[in-house]
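*Asks:* One file: target_7.tsv (TSV, C-alpha atoms and all ligand atoms).
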chain	number	residue	atom	x	y	z
C	1	MET	CA	-69.55	28.60	105.92
C	2	LYS	CA	-70.97	31.95	107.04
C	3	ILE	CA	-72.80	32.12	110.36
C	4	CYS	CA	-74.69	35.33	111.11
C	5	TYR	CA	-75.91	36.16	114.62
C	6	ILE	CA	-78.74	38.65	115.07
C	7	VAL	CA	-78.78	40.14	118.59
C	8	ALA	CA	-81.12	42.85	119.88
C	9	MET	CA	-79.30	44.25	122.91
C	10	ARG	CA	-75.63	45.09	123.21
C	11	ALA	CA	-75.58	43.69	126.76
C	12	GLU	CA	-76.67	40.29	125.41
C	13	ALA	CA	-73.83	40.28	122.87
C	14	THR	CA	-70.98	41.82	124.86
C	15	PRO	CA	-69.59	38.66	126.55
C	16	PHE	CA	-69.71	36.91	123.19
C	17	ILE	CA	-68.13	39.83	121.29
C	18	GLU	CA	-65.32	40.00	123.85
C	19	HIS	CA	-64.77	36.24	123.78
C	20	TYR	CA	-64.20	36.15	120.02
C	21	GLY	CA	-62.55	39.58	119.74
C	22	VAL	CA	-64.76	40.30	116.74
C	23	GLU	CA	-64.06	43.54	114.90
C	24	LEU	CA	-66.59	46.26	114.19
C	25	LEU	CA	-67.05	46.80	110.44
C	26	ALA	CA	-67.73	50.53	110.69
C	27	GLY	CA	-70.44	51.83	108.36
C	28	PHE	CA	-71.26	48.33	107.07
C	29	PHE	CA	-75.03	48.98	107.14
C	30	ALA	CA	-75.00	52.78	106.76
C	31	PRO	CA	-77.36	54.61	106.97
C	32	LEU	CA	-79.15	51.92	109.04
C	33	PRO	CA	-78.35	51.83	112.76
C	34	CYS	CA	-77.50	48.10	112.73
C	35	GLN	CA	-73.91	47.27	113.58
C	36	CYS	CA	-71.86	44.45	112.13
C	37	TYR	CA	-68.95	42.63	113.79
C	38	HIS	CA	-66.88	39.99	112.03
C	39	THR	CA	-64.13	37.48	112.65
C	40	GLN	CA	-63.00	34.13	111.31
C	41	VAL	CA	-63.16	30.95	113.37
C	42	ASN	CA	-61.27	28.00	111.89
C	43	GLY	CA	-61.80	29.29	108.37
C	44	SER	CA	-65.52	30.00	108.82
C	45	ASP	CA	-66.93	33.53	108.87
C	46	LEU	CA	-68.64	34.61	112.06
C	47	TYR	CA	-70.79	37.75	111.89
C	48	VAL	CA	-72.57	39.35	114.83
C	49	VAL	CA	-75.22	41.90	113.87
C	50	LEU	CA	-76.76	44.18	116.50
C	51	ASN	CA	-80.03	46.00	115.81
C	52	GLY	CA	-78.39	49.27	116.85
C	53	GLU	CA	-79.82	52.20	118.79
C	54	GLN	CA	-82.47	54.88	118.53
C	55	HIS	CA	-83.76	57.33	121.16
C	56	GLY	CA	-80.72	56.53	123.30
C	57	SER	CA	-81.48	52.83	123.80
C	58	ASP	CA	-80.90	49.54	122.02
C	59	LEU	CA	-83.55	48.83	119.42
C	60	VAL	CA	-85.62	45.88	120.62
C	61	GLY	CA	-88.73	44.44	119.01
C	62	CYS	CA	-89.94	43.11	115.69
C	63	GLU	CA	-89.47	46.14	113.43
C	64	ALA	CA	-85.79	46.59	114.24
C	65	ALA	CA	-85.17	42.84	114.14
C	66	SER	CA	-86.76	42.60	110.67
C	67	VAL	CA	-84.67	45.48	109.34
C	68	ALA	CA	-81.44	44.04	110.77
C	69	THR	CA	-82.19	40.55	109.48
C	70	LEU	CA	-83.11	41.72	105.99
C	71	ALA	CA	-80.02	43.93	105.72
C	72	ALA	CA	-77.77	41.19	107.11
C	73	ILE	CA	-79.07	38.51	104.74
C	74	GLN	CA	-78.80	40.74	101.71
C	75	LYS	CA	-75.27	41.99	102.48
C	76	ILE	CA	-73.72	38.92	104.12
C	77	GLN	CA	-75.58	36.05	102.41
C	78	PRO	CA	-75.12	33.73	105.41
C	79	ASP	CA	-75.58	29.96	105.35
C	80	LEU	CA	-77.15	29.96	108.81
C	81	VAL	CA	-78.81	32.72	110.87
C	82	ILE	CA	-78.71	32.43	114.68
C	83	ASN	CA	-80.79	34.61	116.99
C	84	SER	CA	-79.17	34.76	120.40
C	85	GLY	CA	-81.05	36.59	123.13
C	86	THR	CA	-82.85	36.63	126.43
C	87	CYS	CA	-86.44	35.58	127.02
C	88	GLY	CA	-89.14	35.08	129.57
C	89	ALA	CA	-90.18	31.48	130.29
C	90	PHE	CA	-92.65	29.63	132.48
C	91	ARG	CA	-92.03	28.06	135.85
C	92	SER	CA	-94.95	25.76	135.08
C	93	ASN	CA	-92.89	24.30	132.21
C	94	GLY	CA	-89.93	23.67	134.50
C	95	ALA	CA	-87.90	26.72	133.41
C	96	ASN	CA	-85.32	28.35	135.68
C	97	ILE	CA	-83.53	31.70	135.47
C	98	GLY	CA	-80.37	31.37	133.35
C	99	ASP	CA	-81.49	28.20	131.53
C	100	ILE	CA	-80.40	27.88	127.92
C	101	TYR	CA	-82.98	26.72	125.40
C	102	LEU	CA	-82.84	26.12	121.66
C	103	GLY	CA	-86.01	27.06	119.75
C	104	SER	CA	-88.03	24.05	118.57
C	105	GLY	CA	-90.51	26.32	116.77
C	106	VAL	CA	-91.46	29.99	116.60
C	107	MET	CA	-94.71	31.99	116.52
C	108	PHE	CA	-96.26	35.41	117.25
C	109	HIS	CA	-98.60	35.76	120.25
C	110	ASP	CA	-99.96	39.31	119.86
C	111	ARG	CA	-101.28	39.41	116.32
C	112	ARG	CA	-105.02	38.95	116.62
C	113	VAL	CA	-106.40	38.99	113.08
C	114	PRO	CA	-109.97	37.75	112.68
C	115	GLY	CA	-110.85	36.03	109.43
C	116	ASP	CA	-110.50	32.65	107.86
C	117	ASP	CA	-107.77	30.10	108.52
C	118	ALA	CA	-105.28	31.76	106.16
C	119	TRP	CA	-105.33	35.02	108.11
C	120	GLY	CA	-105.09	33.23	111.43
C	121	THR	CA	-102.18	31.17	110.12
C	122	GLN	CA	-100.38	34.26	108.90
C	123	ALA	CA	-100.95	36.02	112.23
C	124	LEU	CA	-99.40	33.21	114.27
C	125	GLY	CA	-96.53	32.73	111.81
C	126	ASN	CA	-95.27	29.33	112.98
C	127	TYR	CA	-92.17	29.54	110.80
C	128	PRO	CA	-89.70	26.67	110.34
C	129	VAL	CA	-86.55	26.51	112.45
C	130	TRP	CA	-83.23	24.94	111.47
C	131	GLU	CA	-83.73	21.19	111.02
C	132	GLY	CA	-80.62	20.37	113.06
C	133	THR	CA	-81.96	22.14	116.17
C	134	SER	CA	-83.17	19.17	118.17
C	135	ALA	CA	-80.09	17.03	117.44
C	136	LEU	CA	-77.89	19.94	118.54
C	137	ALA	CA	-79.88	20.41	121.75
C	138	GLN	CA	-79.55	16.73	122.52
C	139	LYS	CA	-75.84	16.68	121.78
C	140	LEU	CA	-75.07	19.72	123.95
C	141	GLY	CA	-77.64	19.08	126.68
C	142	PHE	CA	-79.78	22.18	126.12
C	143	LYS	CA	-83.52	22.30	126.63
C	144	LEU	CA	-85.87	22.76	123.69
C	145	GLY	CA	-88.84	25.12	123.65
C	146	LYS	CA	-91.10	27.03	121.30
C	147	VAL	CA	-90.23	30.72	120.91
C	148	THR	CA	-93.22	33.07	121.12
C	149	THR	CA	-92.83	36.69	120.04
C	150	GLY	CA	-94.73	39.89	120.71
C	151	SER	CA	-94.05	43.62	120.81
C	152	SER	CA	-94.27	44.05	124.60
C	153	LEU	CA	-92.22	43.02	127.60
C	154	ASP	CA	-95.30	42.47	129.75
C	155	MET	CA	-97.85	39.71	129.16
C	156	GLN	CA	-101.52	40.67	128.87
C	157	PRO	CA	-104.20	37.99	129.47
C	158	CYS	CA	-104.96	37.85	125.72
C	159	ASP	CA	-101.25	37.16	125.02
C	160	GLU	CA	-101.16	34.45	127.66
C	161	GLN	CA	-104.20	32.76	126.20
C	162	ILE	CA	-102.60	32.54	122.73
C	163	ILE	CA	-99.29	31.40	124.22
C	164	ARG	CA	-100.97	28.61	126.21
C	165	GLU	CA	-103.21	27.48	123.33
C	166	ASN	CA	-100.23	27.25	120.99
C	167	HIS	CA	-97.71	25.83	123.46
C	168	GLY	CA	-95.38	28.84	123.45
C	169	GLU	CA	-92.57	28.59	126.00
C	170	LEU	CA	-89.90	31.23	125.40
C	171	LYS	CA	-91.35	34.74	125.32
C	172	ASP	CA	-89.31	37.32	123.44
C	173	MET	CA	-89.71	40.40	121.25
C	174	GLU	CA	-87.78	39.50	118.07
C	175	GLY	CA	-87.70	35.76	117.29
C	176	ALA	CA	-90.70	35.39	114.96
C	177	ALA	CA	-89.80	38.57	113.05
C	178	ILE	CA	-86.32	37.17	112.37
C	179	ALA	CA	-87.77	33.80	111.37
C	180	PHE	CA	-90.27	35.54	109.08
C	181	VAL	CA	-87.45	37.22	107.12
C	182	CYS	CA	-85.44	33.96	107.04
C	183	SER	CA	-88.50	32.12	105.69
C	184	LEU	CA	-88.68	34.53	102.74
C	185	PHE	CA	-85.10	33.61	101.82
C	186	HIS	CA	-85.50	29.90	102.69
C	187	LEU	CA	-82.63	30.31	105.13
C	188	PRO	CA	-82.29	28.18	108.28
C	189	ILE	CA	-82.71	29.92	111.64
C	190	LEU	CA	-81.45	28.64	114.99
C	191	PHE	CA	-82.66	30.20	118.26
C	192	VAL	CA	-80.43	30.30	121.33
C	193	LYS	CA	-82.35	31.74	124.27
C	194	SER	CA	-81.39	32.39	127.88
C	195	VAL	CA	-84.07	32.94	130.53
C	196	THR	CA	-84.00	36.32	132.35
C	197	ASP	CA	-87.46	36.14	133.89
C	198	LEU	CA	-90.32	33.80	134.66
C	199	CYS	CA	-93.63	35.06	133.29
C	200	ASP	CA	-95.61	33.13	135.93
C	201	SER	CA	-93.44	33.98	138.94
C	202	GLY	CA	-95.62	36.88	140.08
C	203	ALA	CA	-92.57	39.20	140.12
C	204	ALA	CA	-92.44	42.36	137.99
C	205	THR	CA	-90.92	41.30	134.64
C	206	TYR	CA	-88.73	44.37	134.25
C	207	ASP	CA	-87.18	43.93	137.73
C	208	GLU	CA	-86.45	40.25	137.11
C	209	PHE	CA	-85.12	40.97	133.65
C	210	SER	CA	-82.75	43.70	134.87
C	211	LYS	CA	-81.51	41.61	137.79
C	212	ASN	CA	-80.71	38.59	135.63
C	213	LEU	CA	-79.53	40.16	132.35
C	214	ALA	CA	-75.79	39.82	133.10
C	215	LEU	CA	-76.08	36.17	134.19
C	216	ALA	CA	-78.24	35.27	131.19
C	217	SER	CA	-75.84	37.03	128.80
C	218	GLU	CA	-72.83	35.18	130.22
C	219	ASN	CA	-74.76	31.91	129.82
C	220	LEU	CA	-75.46	32.89	126.22
C	221	ARG	CA	-71.73	33.36	125.63
C	222	GLN	CA	-70.92	29.92	127.03
C	223	ALA	CA	-73.70	28.27	125.02
C	224	ASN	CA	-72.77	30.02	121.78
C	225	VAL	CA	-69.10	29.10	122.08
C	226	ARG	CA	-70.11	25.43	122.37
C	227	ILE	CA	-72.58	25.77	119.49
C	228	ILE	CA	-70.07	27.43	117.16
C	229	ASP	CA	-67.46	24.88	118.09
C	230	THR	CA	-69.87	22.06	117.24
C	231	LEU	CA	-71.18	23.60	114.01
C	232	ILE	CA	-67.74	24.42	112.68
C	233	ARG	CA	-66.26	21.06	113.65
C	234	ALA	CA	-69.15	19.32	111.88
C	235	LEU	CA	-68.11	20.88	108.55
X	301	LIG	N1	-86.24	47.87	129.64
X	301	LIG	C1	-85.34	46.85	129.21
X	301	LIG	C2	-85.60	46.64	127.76
X	301	LIG	C3	-85.41	45.26	127.28
X	301	LIG	S1	-86.76	44.65	126.39
X	301	LIG	C4	-83.92	47.28	129.57
X	301	LIG	O1	-83.80	48.25	130.27
X	301	LIG	O2	-82.93	46.66	129.25
X	301	LIG	C5	-86.49	42.95	126.63
X	301	LIG	C6	-85.53	42.28	125.69
X	301	LIG	O3	-85.27	41.00	126.23
X	301	LIG	C7	-86.12	42.03	124.31
X	301	LIG	O4	-85.11	42.11	123.33
X	301	LIG	C8	-86.74	40.63	124.42
X	301	LIG	O5	-86.49	39.81	123.28
X	301	LIG	C9	-86.08	39.99	125.64
X	301	LIG	N2	-86.99	39.53	126.72
X	301	LIG	C10	-86.54	39.06	127.91
X	301	LIG	N3	-87.58	38.69	128.70
X	301	LIG	C11	-88.71	38.92	127.98
X	301	LIG	C12	-90.11	38.74	128.27
X	301	LIG	N4	-90.55	38.25	129.44
X	301	LIG	N5	-91.01	39.10	127.32
X	301	LIG	C13	-90.59	39.60	126.14
X	301	LIG	N6	-89.28	39.81	125.82
X	301	LIG	C14	-88.34	39.46	126.72
Just give me the structure of the file as structure tokens.

*Replies:*
Amino acid sequence: MKICYIVAMRAEATPFIEHYGVELLAGFFAPLPCQCYHTQVNGSDLYVVLNGEQHGSDLVGCEAASVATLAAIQKIQPDLVINSGTCGAFRSNGANIGDIYLGSGVMFHDRRVPGDDAWGTQALGNYPVWEGTSALAQKLGFKLGKVTTGSSLDMQPCDEQIIRENHGELKDMEGAAIAFVCSLFHLPILFVKSVTDLCDSGAATYDEFSKNLALASENLRQANVRIIDTLIRAL
């Protein structure tokens, strides 16, 4: 069994990387900036792929996530892809800072493409997630929510309208791009998301995000250790 994590920011992955003592496979994706870490856990292969850096910062967003996911799938040929990362969520849905959610679905919220139903369907994406997601959430006591992806950290009124109309709950910048690539390969994707900020709190998103990034990343580590333990034991 090969499990491949796709993570956008190094800070999100660091507690996890340190926990497992994964090793950097230098040059694995050269000349791409993505970085690959690997270890074995009870005979299963665990890969952690980071998008890498450009312009002196971690590459976030859909383009980098698509490149990392495509490269990872082609080189690693995983059985399961897991996207672990932070997200914004909504107080009105009962979310709290640091909560862990698994993704019950995934869509884009900032692709406004007029046309017939086919174009609208493509724009929203609504890709499948791993069929074991809701049983895993129930078993481990995590919340479930629909991931909604766009290219910006802020939320414009037109984004919010699409999110509300389509019941989006976990706002990120990579999830649907990763699911899109997985859908092309018919590979299962599991989302593990930790809440750094509440989109309807009235606070500035960047301030909330920065303040809560370390807590959310530590919660991601704890959640992922339990998830890996469960997935590997289920083999
Ligand atoms: N300026 C930030 C950049 C991080 S961008 C920094 O200095 O660290 C935000 C990252 O966290 C993205 O990878 C995205 O997936 C996730 N994220 C967290 N909260 C988000 C929100 N409210 N909306 C969109 N993405 C969010």

*Asks:* What's around Phe108 of chain C at 12 Å? Count all atoms listed in the file, leave out sequence neighbours fewer than 3 positions away in its own chain, and write the answer as JSON, numbers by chain.

*Replies:* {"C": [61, 62, 105, 111, 112, 113, 120, 121, 122, 123, 124, 125, 126, 127, 146, 147, 148, 149, 150, 151, 152, 159, 160, 162, 163, 166, 167, 168, 169, 170, 171, 172, 173, 174, 175, 176, 177, 178, 179, 180]}

*Asks:* Would you export the selected residues with C-alpha atoms as a short mmCIF file (atom, residue, chain, number, x, y, z; two decimals), in the frame of the given file, please?

*Replies:*
data_model
loop_
_atom_site.label_atom_id
_atom_site.label_comp_id
_atom_site.auth_asym_id
_atom_site.auth_seq_id
_atom_site.Cartn_x
_atom_site.Cartn_y
_atom_site.Cartn_z
CA GLY C 61 -88.73 44.44 119.01
CA CYS C 62 -89.94 43.11 115.69
CA GLY C 105 -90.51 26.32 116.77
CA ARG C 111 -101.28 39.41 116.32
CA ARG C 112 -105.02 38.95 116.62
CA VAL C 113 -106.40 38.99 113.08
CA GLY C 120 -105.09 33.23 111.43
CA THR C 121 -102.18 31.17 110.12
CA GLN C 122 -100.38 34.26 108.90
CA ALA C 123 -100.95 36.02 112.23
CA LEU C 124 -99.40 33.21 114.27
CA GLY C 125 -96.53 32.73 111.81
CA ASN C 126 -95.27 29.33 112.98
CA TYR C 127 -92.17 29.54 110.80
CA LYS C 146 -91.10 27.03 121.30
CA VAL C 147 -90.23 30.72 120.91
CA THR C 148 -93.22 33.07 121.12
CA THR C 149 -92.83 36.69 120.04
CA GLY C 150 -94.73 39.89 120.71
CA SER C 151 -94.05 43.62 120.81
CA SER C 152 -94.27 44.05 124.60
CA ASP C 159 -101.25 37.16 125.02
CA GLU C 160 -101.16 34.45 127.66
CA ILE C 162 -102.60 32.54 122.73
CA ILE C 163 -99.29 31.40 124.22
CA ASN C 166 -100.23 27.25 120.99
CA HIS C 167 -97.71 25.83 123.46
CA GLY C 168 -95.38 28.84 123.45
CA GLU C 169 -92.57 28.59 126.00
CA LEU C 170 -89.90 31.23 125.40
CA LYS C 171 -91.35 34.74 125.32
CA ASP C 172 -89.31 37.32 123.44
CA MET C 173 -89.71 40.40 121.25
CA GLU C 174 -87.78 39.50 118.07
CA GLY C 175 -87.70 35.76 117.29
CA ALA C 176 -90.70 35.39 114.96
CA ALA C 177 -89.80 38.57 113.05
CA ILE C 178 -86.32 37.17 112.37
CA ALA C 179 -87.77 33.80 111.37
CA PHE C 180 -90.27 35.54 109.08
#

*Asks:* Residues contacting ligand LIG 301 (chain X) - anything with an atom at most 10 Å away, using only C-alpha atoms and all ligand atoms - can you give me those as number ranges by chain?

*Replies:* C: 7-12, 51, 57-62, 65, 83-90, 148-155, 170-175, 193-200, 204-210, 212-213, 216

*Asks:* Which residue out of C:His109, C:Gly94, C:Ser183, C:Val49 has the minimum interatomic distance to Ala13 of chain C when only C-alpha atoms are used?

*Replies:* C:Val49

*Asks:* With all atoms listed in the file as the basis for distance, which of C:Gly103, C:Gly115, C:Pro33, C:Pro157 is at the shortest distance from Ser134 of chain C?

*Replies:* C:Gly103

*Asks:* Please report the interatomic distance between atom CA of Ile3 of chain C and atom CA of Ile228 of chain C in Å with one decimal.

*Replies:*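 Computed distance, atom CA of Ile3 of chain C to atom CA of Ile228 of chain C, equals 8.7 Å.
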
*Asks:* Choose the residue, out of C:Leu70, C:Ala64, C:Leu102, C:Ala203, that has the smallest atom-to-atom separation from Phe191 of chain C; count only C-alpha atoms.

*Replies:* C:Leu102

*Asks:* Using Å and a single decimal, report how far atom CA of Arg91 of chain C sits from atom CA of Gly132 of chain C.

*Replies:* 26.6 Å

*Asks:* Select, from C:Trp130, C:Tyr47, C:Tyr37, C:Tyr20, the residue with the minimum atom-to-atom distance to Ile76 of chain C, counting all atoms listed in the file.

*Replies:*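 Distance minimum relative to Ile76 of chain C lands on C:Tyr47.
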
*Asks:* Report the distance between atom CA of Val106 of chain C and atom CA of Arg226 of chain C in Å, rounded to one decimal place.

*Replies:* 22.6 Å

*Asks:* Measuring atom to atom with only C-alpha atoms, identify which of C:Ile17, C:Ile100, C:Ala30, C:Ala118 is nearest to Lys143 of chain C.

*Replies:*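 Distance minimum relative to Lys143 of chain C lands on C:Ile100.
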
*Asks:* So which one's closest to Val67 of chain C, C:Gly202, C:Gly27, C:Gly52, C:Pro114? Using only C-alpha atoms, please.

*Replies:*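 That would be C:Gly52, the residue with the smallest distance to Val67 of chain C.
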
*Asks:* Please give the centre and size of the box around segment 64-79 of chain C (axis-aligned, containing every atom listed in the file, 4 Å added per side), with values in Å to one decimal and written as AutoDock Vina command-line options.

*Replies:*
--center_x -80.2 --center_y 38.3 --center_z 108.0 --size_x 21.0 --size_y 24.6 --size_z 20.5

*Asks:* List as a count of residues only the protein and nucleic acid residues near Arg221 of chain C, meaning an atom at most 8 Å away when all atoms listed in the file are counted, but skip any in the same chain fewer than 5 places from it.

*Replies:* 4

*Asks:* Can you tell me, as a count of residues only, what residues are no more than 12 Å from Phe185 of chain C when counting all atoms listed in the file, ignoring any on the same chain fewer than 4 positions away?

*Replies:* 16
